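**Student:** See model_19.pdb below, with PDB, C-alpha atoms and all ligand atoms.
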```pdb
ATOM      1  CA  MET B 217     -21.177  39.527 -26.175  1.00  0.00           C
ATOM      2  CA  LYS B 218     -19.228  40.416 -23.037  1.00  0.00           C
ATOM      3  CA  VAL B 219     -20.461  41.577 -19.649  1.00  0.00           C
ATOM      4  CA  ILE B 220     -18.736  43.295 -16.745  1.00  0.00           C
ATOM      5  CA  TYR B 221     -19.563  41.981 -13.284  1.00  0.00           C
ATOM      6  CA  PRO B 222     -18.077  44.565 -10.900  1.00  0.00           C
ATOM      7  CA  GLY B 223     -17.705  44.418  -7.157  1.00  0.00           C
ATOM      8  CA  SER B 224     -15.442  44.531  -4.150  1.00  0.00           C
ATOM      9  CA  PHE B 225     -15.598  40.754  -3.582  1.00  0.00           C
ATOM     10  CA  ASP B 226     -14.161  41.046  -0.084  1.00  0.00           C
ATOM     11  CA  PRO B 227     -14.794  38.214   0.239  1.00  0.00           C
ATOM     12  CA  LEU B 228     -16.322  36.356  -2.723  1.00  0.00           C
ATOM     13  CA  THR B 229     -19.579  34.834  -1.416  1.00  0.00           C
ATOM     14  CA  LEU B 230     -21.771  31.941  -2.577  1.00  0.00           C
ATOM     15  CA  GLY B 231     -24.140  34.601  -3.933  1.00  0.00           C
ATOM     16  CA  HIS B 232     -21.400  36.072  -6.146  1.00  0.00           C
ATOM     17  CA  ILE B 233     -20.445  32.608  -7.426  1.00  0.00           C
ATOM     18  CA  ASP B 234     -24.066  31.890  -8.347  1.00  0.00           C
ATOM     19  CA  ILE B 235     -24.355  35.160 -10.293  1.00  0.00           C
ATOM     20  CA  ILE B 236     -21.059  34.567 -12.137  1.00  0.00           C
ATOM     21  CA  LYS B 237     -22.148  31.028 -13.088  1.00  0.00           C
ATOM     22  CA  ARG B 238     -25.456  32.287 -14.447  1.00  0.00           C
ATOM     23  CA  LEU B 239     -23.811  35.146 -16.359  1.00  0.00           C
ATOM     24  CA  SER B 240     -21.323  32.713 -17.888  1.00  0.00           C
ATOM     25  CA  LYS B 241     -24.259  30.859 -19.478  1.00  0.00           C
ATOM     26  CA  MET B 242     -25.770  34.075 -20.843  1.00  0.00           C
ATOM     27  CA  PHE B 243     -22.653  35.824 -22.216  1.00  0.00           C
ATOM     28  CA  ASP B 244     -19.630  34.808 -24.289  1.00  0.00           C
ATOM     29  CA  GLU B 245     -17.326  36.261 -21.651  1.00  0.00           C
ATOM     30  CA  VAL B 246     -17.766  37.496 -18.103  1.00  0.00           C
ATOM     31  CA  VAL B 247     -15.224  40.097 -17.011  1.00  0.00           C
ATOM     32  CA  VAL B 248     -15.173  40.119 -13.228  1.00  0.00           C
ATOM     33  CA  ALA B 249     -13.948  43.617 -12.330  1.00  0.00           C
ATOM     34  CA  VAL B 250     -12.567  43.860  -8.824  1.00  0.00           C
ATOM     35  CA  LEU B 251     -12.648  47.313  -7.242  1.00  0.00           C
ATOM     36  CA  ILE B 252      -9.256  48.465  -5.972  1.00  0.00           C
ATOM     37  CA  ASN B 253     -10.320  49.564  -2.523  1.00  0.00           C
ATOM     38  CA  GLU B 254      -7.608  48.522  -0.172  1.00  0.00           C
ATOM     39  CA  ASN B 255      -8.440  49.835   3.285  1.00  0.00           C
ATOM     40  CA  LYS B 256      -7.904  48.711   6.817  1.00  0.00           C
ATOM     41  CA  ASN B 257     -11.282  46.985   6.970  1.00  0.00           C
ATOM     42  CA  SER B 258     -10.531  44.712   4.003  1.00  0.00           C
ATOM     43  CA  ILE B 259      -9.979  41.039   4.721  1.00  0.00           C
ATOM     44  CA  PHE B 260      -8.179  40.300   1.479  1.00  0.00           C
ATOM     45  CA  SER B 261      -5.782  42.319  -0.653  1.00  0.00           C
ATOM     46  CA  LEU B 262      -6.641  42.964  -4.279  1.00  0.00           C
ATOM     47  CA  GLU B 263      -4.290  40.197  -5.390  1.00  0.00           C
ATOM     48  CA  GLU B 264      -5.809  37.739  -2.912  1.00  0.00           C
ATOM     49  CA  ARG B 265      -9.337  38.595  -4.062  1.00  0.00           C
ATOM     50  CA  GLU B 266      -8.366  38.126  -7.703  1.00  0.00           C
ATOM     51  CA  ASN B 267      -6.672  34.798  -6.951  1.00  0.00           C
ATOM     52  CA  ILE B 268      -9.677  33.560  -4.972  1.00  0.00           C
ATOM     53  CA  ILE B 269     -12.026  34.327  -7.869  1.00  0.00           C
ATOM     54  CA  ARG B 270      -9.639  32.664 -10.349  1.00  0.00           C
ATOM     55  CA  GLU B 271      -9.288  29.506  -8.244  1.00  0.00           C
ATOM     56  CA  GLU B 272     -13.015  29.320  -7.581  1.00  0.00           C
ATOM     57  CA  MET B 273     -13.861  29.564 -11.267  1.00  0.00           C
ATOM     58  CA  ILE B 274     -11.384  26.794 -12.105  1.00  0.00           C
ATOM     59  CA  GLU B 275     -13.073  24.720  -9.385  1.00  0.00           C
ATOM     60  CA  GLU B 276     -16.489  25.444 -10.926  1.00  0.00           C
ATOM     61  CA  GLY B 277     -15.214  24.654 -14.427  1.00  0.00           C
ATOM     62  CA  ILE B 278     -16.119  28.089 -15.749  1.00  0.00           C
ATOM     63  CA  GLU B 279     -13.800  28.994 -18.604  1.00  0.00           C
ATOM     64  CA  ASN B 280     -15.354  32.042 -20.238  1.00  0.00           C
ATOM     65  CA  ILE B 281     -14.321  34.387 -17.481  1.00  0.00           C
ATOM     66  CA  SER B 282     -11.552  36.899 -17.078  1.00  0.00           C
ATOM     67  CA  ILE B 283     -10.542  38.817 -13.982  1.00  0.00           C
ATOM     68  CA  ALA B 284      -9.548  42.463 -13.995  1.00  0.00           C
ATOM     69  CA  SER B 285      -9.256  45.247 -11.466  1.00  0.00           C
ATOM     70  CA  PHE B 286     -10.352  48.850 -11.649  1.00  0.00           C
ATOM     71  CA  ASP B 287      -9.918  52.057  -9.765  1.00  0.00           C
ATOM     72  CA  GLY B 288     -12.147  55.113  -9.867  1.00  0.00           C
ATOM     73  CA  LEU B 289     -15.253  55.164 -11.999  1.00  0.00           C
ATOM     74  CA  LEU B 290     -16.671  51.944 -13.404  1.00  0.00           C
ATOM     75  CA  VAL B 291     -17.612  53.760 -16.624  1.00  0.00           C
ATOM     76  CA  ASN B 292     -13.930  54.481 -17.285  1.00  0.00           C
ATOM     77  CA  PHE B 293     -13.222  50.752 -17.072  1.00  0.00           C
ATOM     78  CA  ALA B 294     -16.191  50.072 -19.367  1.00  0.00           C
ATOM     79  CA  LYS B 295     -14.943  52.644 -21.894  1.00  0.00           C
ATOM     80  CA  LYS B 296     -11.403  51.249 -21.760  1.00  0.00           C
ATOM     81  CA  THR B 297     -12.588  47.692 -22.401  1.00  0.00           C
ATOM     82  CA  GLY B 298     -15.327  48.668 -24.826  1.00  0.00           C
ATOM     83  CA  ILE B 299     -17.881  46.598 -22.904  1.00  0.00           C
ATOM     84  CA  LYS B 300     -21.255  48.281 -22.646  1.00  0.00           C
ATOM     85  CA  THR B 301     -23.116  45.863 -20.388  1.00  0.00           C
ATOM     86  CA  VAL B 302     -22.748  45.736 -16.612  1.00  0.00           C
ATOM     87  CA  ALA B 303     -24.438  43.099 -14.455  1.00  0.00           C
ATOM     88  CA  ARG B 304     -25.312  43.264 -10.777  1.00  0.00           C
ATOM     89  CA  GLY B 305     -27.176  40.918  -8.477  1.00  0.00           C
ATOM     90  CA  LEU B 306     -30.290  42.076  -6.653  1.00  0.00           C
ATOM     91  CA  ARG B 307     -31.030  40.589  -3.265  1.00  0.00           C
ATOM     92  CA  GLU B 308     -33.644  42.757  -1.587  1.00  0.00           C
ATOM     93  CA  ILE B 309     -35.612  45.899  -2.386  1.00  0.00           C
ATOM     94  CA  THR B 310     -32.914  47.965  -0.655  1.00  0.00           C
ATOM     95  CA  ASP B 311     -30.426  46.711  -3.236  1.00  0.00           C
ATOM     96  CA  TYR B 312     -32.771  47.894  -5.961  1.00  0.00           C
ATOM     97  CA  GLU B 313     -32.862  51.450  -4.623  1.00  0.00           C
ATOM     98  CA  TYR B 314     -29.080  51.614  -4.305  1.00  0.00           C
ATOM     99  CA  GLU B 315     -28.350  49.891  -7.599  1.00  0.00           C
ATOM    100  CA  LYS B 316     -30.900  51.874  -9.578  1.00  0.00           C
ATOM    101  CA  ASN B 317     -29.206  55.083  -8.528  1.00  0.00           C
ATOM    102  CA  ILE B 318     -25.743  53.875  -9.532  1.00  0.00           C
ATOM    103  CA  ALA B 319     -27.070  52.474 -12.811  1.00  0.00           C
ATOM    104  CA  MET B 320     -28.638  55.820 -13.679  1.00  0.00           C
ATOM    105  CA  PHE B 321     -25.454  57.730 -12.839  1.00  0.00           C
ATOM    106  CA  ASN B 322     -23.496  55.300 -14.982  1.00  0.00           C
ATOM    107  CA  SER B 323     -25.861  55.550 -17.949  1.00  0.00           C
ATOM    108  CA  LYS B 324     -25.566  59.352 -17.823  1.00  0.00           C
ATOM    109  CA  LEU B 325     -21.780  59.132 -17.625  1.00  0.00           C
ATOM    110  CA  MET B 326     -21.494  56.722 -20.561  1.00  0.00           C
ATOM    111  CA  GLU B 327     -23.892  56.746 -23.436  1.00  0.00           C
ATOM    112  CA  GLY B 328     -25.150  53.297 -24.314  1.00  0.00           C
ATOM    113  CA  LEU B 329     -24.116  51.667 -21.058  1.00  0.00           C
ATOM    114  CA  GLU B 330     -26.766  49.222 -19.876  1.00  0.00           C
ATOM    115  CA  THR B 331     -26.960  47.721 -16.403  1.00  0.00           C
ATOM    116  CA  ILE B 332     -28.781  44.417 -16.119  1.00  0.00           C
ATOM    117  CA  PHE B 333     -29.885  42.829 -12.862  1.00  0.00           C
ATOM    118  CA  LEU B 334     -30.111  39.184 -11.914  1.00  0.00           C
ATOM    119  CA  LEU B 335     -32.271  38.264  -8.958  1.00  0.00           C
ATOM    120  CA  SER B 336     -30.221  36.510  -6.334  1.00  0.00           C
ATOM    121  CA  ASP B 337     -30.920  32.896  -5.557  1.00  0.00           C
ATOM    122  CA  PRO B 338     -33.296  33.082  -2.551  1.00  0.00           C
ATOM    123  CA  ASN B 339     -30.933  30.784  -0.637  1.00  0.00           C
ATOM    124  CA  TYR B 340     -28.280  33.462  -0.810  1.00  0.00           C
ATOM    125  CA  SER B 341     -30.344  36.644  -0.744  1.00  0.00           C
ATOM    126  CA  TYR B 342     -29.330  37.523   2.812  1.00  0.00           C
ATOM    127  CA  ILE B 343     -25.606  37.013   2.272  1.00  0.00           C
ATOM    128  CA  SER B 344     -23.407  40.099   2.051  1.00  0.00           C
ATOM    129  CA  SER B 345     -19.634  40.447   2.076  1.00  0.00           C
ATOM    130  CA  SER B 346     -19.944  42.953   4.914  1.00  0.00           C
ATOM    131  CA  GLY B 347     -21.934  40.406   6.946  1.00  0.00           C
ATOM    132  CA  VAL B 348     -19.282  37.776   6.289  1.00  0.00           C
ATOM    133  CA  ARG B 349     -16.557  40.231   7.351  1.00  0.00           C
ATOM    134  CA  GLU B 350     -18.427  40.905  10.595  1.00  0.00           C
ATOM    135  CA  VAL B 351     -18.897  37.194  11.401  1.00  0.00           C
ATOM    136  CA  ALA B 352     -15.263  36.465  10.480  1.00  0.00           C
ATOM    137  CA  SER B 353     -13.951  39.287  12.655  1.00  0.00           C
ATOM    138  CA  PHE B 354     -15.504  37.496  15.653  1.00  0.00           C
ATOM    139  CA  LYS B 355     -14.193  34.126  14.462  1.00  0.00           C
ATOM    140  CA  GLY B 356     -17.715  32.904  13.687  1.00  0.00           C
ATOM    141  CA  ASP B 357     -18.776  30.086  11.357  1.00  0.00           C
ATOM    142  CA  VAL B 358     -18.804  31.413   7.787  1.00  0.00           C
ATOM    143  CA  SER B 359     -19.296  28.032   6.101  1.00  0.00           C
ATOM    144  CA  SER B 360     -22.872  28.786   4.982  1.00  0.00           C
ATOM    145  CA  PHE B 361     -21.869  31.977   3.197  1.00  0.00           C
ATOM    146  CA  VAL B 362     -18.649  31.233   1.326  1.00  0.00           C
ATOM    147  CA  SER B 363     -16.926  28.325  -0.423  1.00  0.00           C
ATOM    148  CA  LYS B 364     -14.750  25.879   1.504  1.00  0.00           C
ATOM    149  CA  ASP B 365     -11.622  27.487   0.071  1.00  0.00           C
ATOM    150  CA  VAL B 366     -12.668  31.001   1.129  1.00  0.00           C
ATOM    151  CA  GLU B 367     -13.665  29.680   4.552  1.00  0.00           C
ATOM    152  CA  LEU B 368     -10.161  28.242   5.023  1.00  0.00           C
ATOM    153  CA  LYS B 369      -8.519  31.465   3.853  1.00  0.00           C
ATOM    154  CA  ILE B 370     -10.701  33.496   6.256  1.00  0.00           C
ATOM    155  CA  LYS B 371      -9.757  31.187   9.121  1.00  0.00           C
ATOM    156  CA  GLU B 372      -6.089  31.651   8.248  1.00  0.00           C
ATOM    157  CA  LYS B 373      -6.463  35.442   8.304  1.00  0.00           C
ATOM    158  CA  PHE B 374      -8.320  35.556  11.608  1.00  0.00           C
ATOM    159  CA  GLU B 375      -6.363  32.679  13.118  1.00  0.00           C
ATOM    160  CA  TYR B 376      -9.150  30.335  14.159  1.00  0.00           C
TER     161      TYR B 376
HETATM  162  O1  LIG Z 401     -19.398  44.724  -4.194  1.00  0.00           O
HETATM  163  P1  LIG Z 401     -19.828  46.146  -4.061  1.00  0.00           P
HETATM  164  O2  LIG Z 401     -18.953  46.857  -3.044  1.00  0.00           O
HETATM  165  O3  LIG Z 401     -21.291  46.278  -3.761  1.00  0.00           O
HETATM  166  O4  LIG Z 401     -19.544  46.846  -5.485  1.00  0.00           O
HETATM  167  C1  LIG Z 401     -19.863  48.207  -5.711  1.00  0.00           C
HETATM  168  C2  LIG Z 401     -19.243  48.721  -7.014  1.00  0.00           C
HETATM  169  C3  LIG Z 401     -17.751  48.430  -7.030  1.00  0.00           C
HETATM  170  C4  LIG Z 401     -19.891  48.061  -8.194  1.00  0.00           C
HETATM  171  C5  LIG Z 401     -19.513  50.258  -7.081  1.00  0.00           C
HETATM  172  O5  LIG Z 401     -19.201  50.835  -5.845  1.00  0.00           O
HETATM  173  C6  LIG Z 401     -18.693  50.950  -8.161  1.00  0.00           C
HETATM  174  O6  LIG Z 401     -18.920  50.756  -9.332  1.00  0.00           O
HETATM  175  N1  LIG Z 401     -17.731  51.777  -7.716  1.00  0.00           N
HETATM  176  C7  LIG Z 401     -16.856  52.533  -8.589  1.00  0.00           C
HETATM  177  C8  LIG Z 401     -17.200  54.027  -8.556  1.00  0.00           C
HETATM  178  C9  LIG Z 401     -18.339  54.308  -9.514  1.00  0.00           C
HETATM  179  O7  LIG Z 401     -18.193  54.141 -10.707  1.00  0.00           O
HETATM  180  N2  LIG Z 401     -19.509  54.734  -8.984  1.00  0.00           N
HETATM  181  C10 LIG Z 401     -20.712  54.921  -9.788  1.00  0.00           C
HETATM  182  C11 LIG Z 401     -21.097  56.354  -9.953  1.00  0.00           C
HETATM  183  S1  LIG Z 401     -22.019  56.887  -8.569  1.00  0.00           S
END
```
For the file at hand, write its structure as structure tokens.
Ligand code: PNS
**Tutor:**
Amino acid sequence: MKVIYPGSFDPLTLGHIDIIKRLSKMFDEVVVAVLINENKNSIFSLEERENIIREEMIEEGIENISIASFDGLLVNFAKKTGIKTVARGLREITDYEYEKNIAMFNSKLMEGLETIFLLSDPNYSYISSSGVREVASFKGDVSSFVSKDVELKIKEKFEY
């Protein structure tokens, strides 16, 4: 059975890596679906985000993963791929409120679509990509939130 793990991944955090690792043990294949949302606040381009995920998964030795990108509605990507299970991580109660709403919209838009939630590792439950972007924009230390490789790439981007 396959699962879609969608997100912006700008940047990929330690929390994302943990969820992907756990999903890879539960499903035959994890399709990481990267949202095409290039805007001026992005750190990494779509291609860079995809490459980072690919390299990180090689590093982690995770083989049952594929990386795709999508634009527009997630349900259209799900229909196109024929995958009916979507996974998201839940950090705090605020995530639940937001995610529940999206999951309900998605299940109305595509019959049979199920969204499953994995509780974030408590060590990572405060980490968000937007928080990392904020710290990075001020040339702060991001080493507790992202992998070494992502840290180096962030430092390259922000020249510190
Ligand atoms: O990493 P993120 O930014 O929290 O990921 C959010 C994402 C990409 C999963 C969500 O915004 C999404 O699925 N966007 C595509 C548009 C869509 O299908 N919206 C749901 C109906 S309201």
**Student:** Select, from B:Val366, B:Met217, B:Leu228, B:Ile278, the residue with the minimum atom-to-atom distance to ligand LIG 401 (chain Z), counting only C-alpha atoms and all ligand atoms.
**Tutor:** B:Leu228
**Student:** Applying 7 Å and only C-alpha atoms, which residues near Glu330 in chain B remain after dropping the ones on its own chain fewer than 3 positions away? List them as a ChimeraX atom specification.
**Tutor:** /B:300-302,323
**Student:** Which residues form the shell of 6 Å around ligand LIG 401 (chain Z) when you count all atoms listed in the file, given as a PyMOL selection string?
**Tutor:** chain B and resi 222-225+251+288-291+318+321-322
**Student:** Name the residues that the PyMOL selection byres (((chain B and resi 340-344) around 8) and not hetatm) pulls out of this structure, and write them as a list in words.
**Tutor:**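 Going through the file, the PyMOL selection byres (((chain B and resi 340-344) around 8) and not hetatm) ends up selecting Thr229, Leu230, Gly231, Arg307, Glu308, Ser336, Asp337, Pro338, Asn339, Ser345, Ser346, Gly347, Val348 and Phe361 of chain B.
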**Student:** On this file, the PyMOL selection byres (((chain B and resi 249) around 8) and not hetatm) gives some set of residues; write that set as a compact mmCIF listing (two decimals) with C-alpha atoms, keeping the file's coordinate frame.
**Tutor:**
```txt
# COMPACT_ATOMS: atom_id res chain seq x y z
CA ILE B 220 -18.74 43.30 -16.74
CA TYR B 221 -19.56 41.98 -13.28
CA PRO B 222 -18.08 44.56 -10.90
CA GLY B 223 -17.70 44.42 -7.16
CA VAL B 247 -15.22 40.10 -17.01
CA VAL B 248 -15.17 40.12 -13.23
CA VAL B 250 -12.57 43.86 -8.82
CA LEU B 251 -12.65 47.31 -7.24
CA ILE B 283 -10.54 38.82 -13.98
CA ALA B 284 -9.55 42.46 -14.00
CA SER B 285 -9.26 45.25 -11.47
CA PHE B 286 -10.35 48.85 -11.65
```
**Student:** Once the PyMOL selection byres (((chain B and resi 281) around 9) and not hetatm) has been applied to the shown file, what residues remain in the selection, as an MDAnalysis selection string?
**Tutor:** chainID B and resid 236 240 244:248 270 273 278:280 282:283
**Student:** In terms of the shortest atom-to-atom distance over only C-alpha atoms, which of B:Gly356, B:Gly298, B:Gly328, B:Gly277 is closest to Ile233 in chain B?
**Tutor:**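 Nearest to Ile233 in chain B: B:Gly277.
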**Student:** Would you mind listing what lies within 9 Å of Ile299 in chain B as number ranges by chain, with all atoms listed in the file counted and same-chain residues fewer than 5 positions away left out?
**Tutor:** B: 217-220, 293-294, 329
**Student:** Calculated over all atoms listed in the file, which of the candidates B:Lys316, B:Arg238, B:His232, B:Arg265 has the smallest distance to Ile370 in chain B?
**Tutor:**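 The answer is B:Arg265, which sits nearest to Ile370 in chain B.
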**Student:** Closest to Ala303 in chain B among B:Ile269, B:Ile332, B:Ser363, B:Glu276, using only C-alpha atoms?
**Tutor:**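 Looking at the shortest contact to Ala303 in chain B, the residue is B:Ile332.
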**Student:** To one decimal in Å, tell me the separation between CA of Ile274 in chain B and CA of Gly305 in chain B.
**Tutor:**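 If I compute the distance from CA of Ile274 in chain B to CA of Gly305 in chain B, I get 21.5 Å.
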**Student:** I'd like to know which of B:Ile252, B:Leu335, B:Val358, B:Met326 is closest to Ile309 in chain B, using all atoms listed in the file.
**Tutor:**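 Closest candidate: B:Leu335.
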**Student:** So how many Å separate CA of Asn257 in chain B and CA of Lys373 in chain B, to one decimal?
**Tutor:**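 Value for the CA of Asn257 in chain B-CA of Lys373 in chain B distance: 12.6 Å.
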**Student:** Using all atoms of range 268-281 of chain B listed in the file and a margin of 4 Å per side, can you give the axis-aligned box centre and edge lengths in Å to one decimal, as lines of an AutoDock Vina configuration file?
**Tutor:**
```
center_x = -12.9
center_y = 29.5
center_z = -12.6
size_x = 15.2
size_y = 17.7
size_z = 23.3
```
**Student:** Choose the residue, out of B:Asp226, B:Asp357, B:Glu375, B:Asp234, that has the smallest atom-to-atom separation from Asn267 in chain B; count all atoms listed in the file.
**Tutor:**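 Checking each of B:Asp226, B:Asp357, B:Glu375, B:Asp234 against Asn267 in chain B, counting all atoms listed in the file, the winner is B:Asp226.
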**Student:** Quick one: pull the distance between CA of Glu264 in chain B and CA of Leu368 in chain B, Å, one decimal.
**Tutor:**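 One can read the CA of Glu264 in chain B to CA of Leu368 in chain B distance as 13.1 Å.
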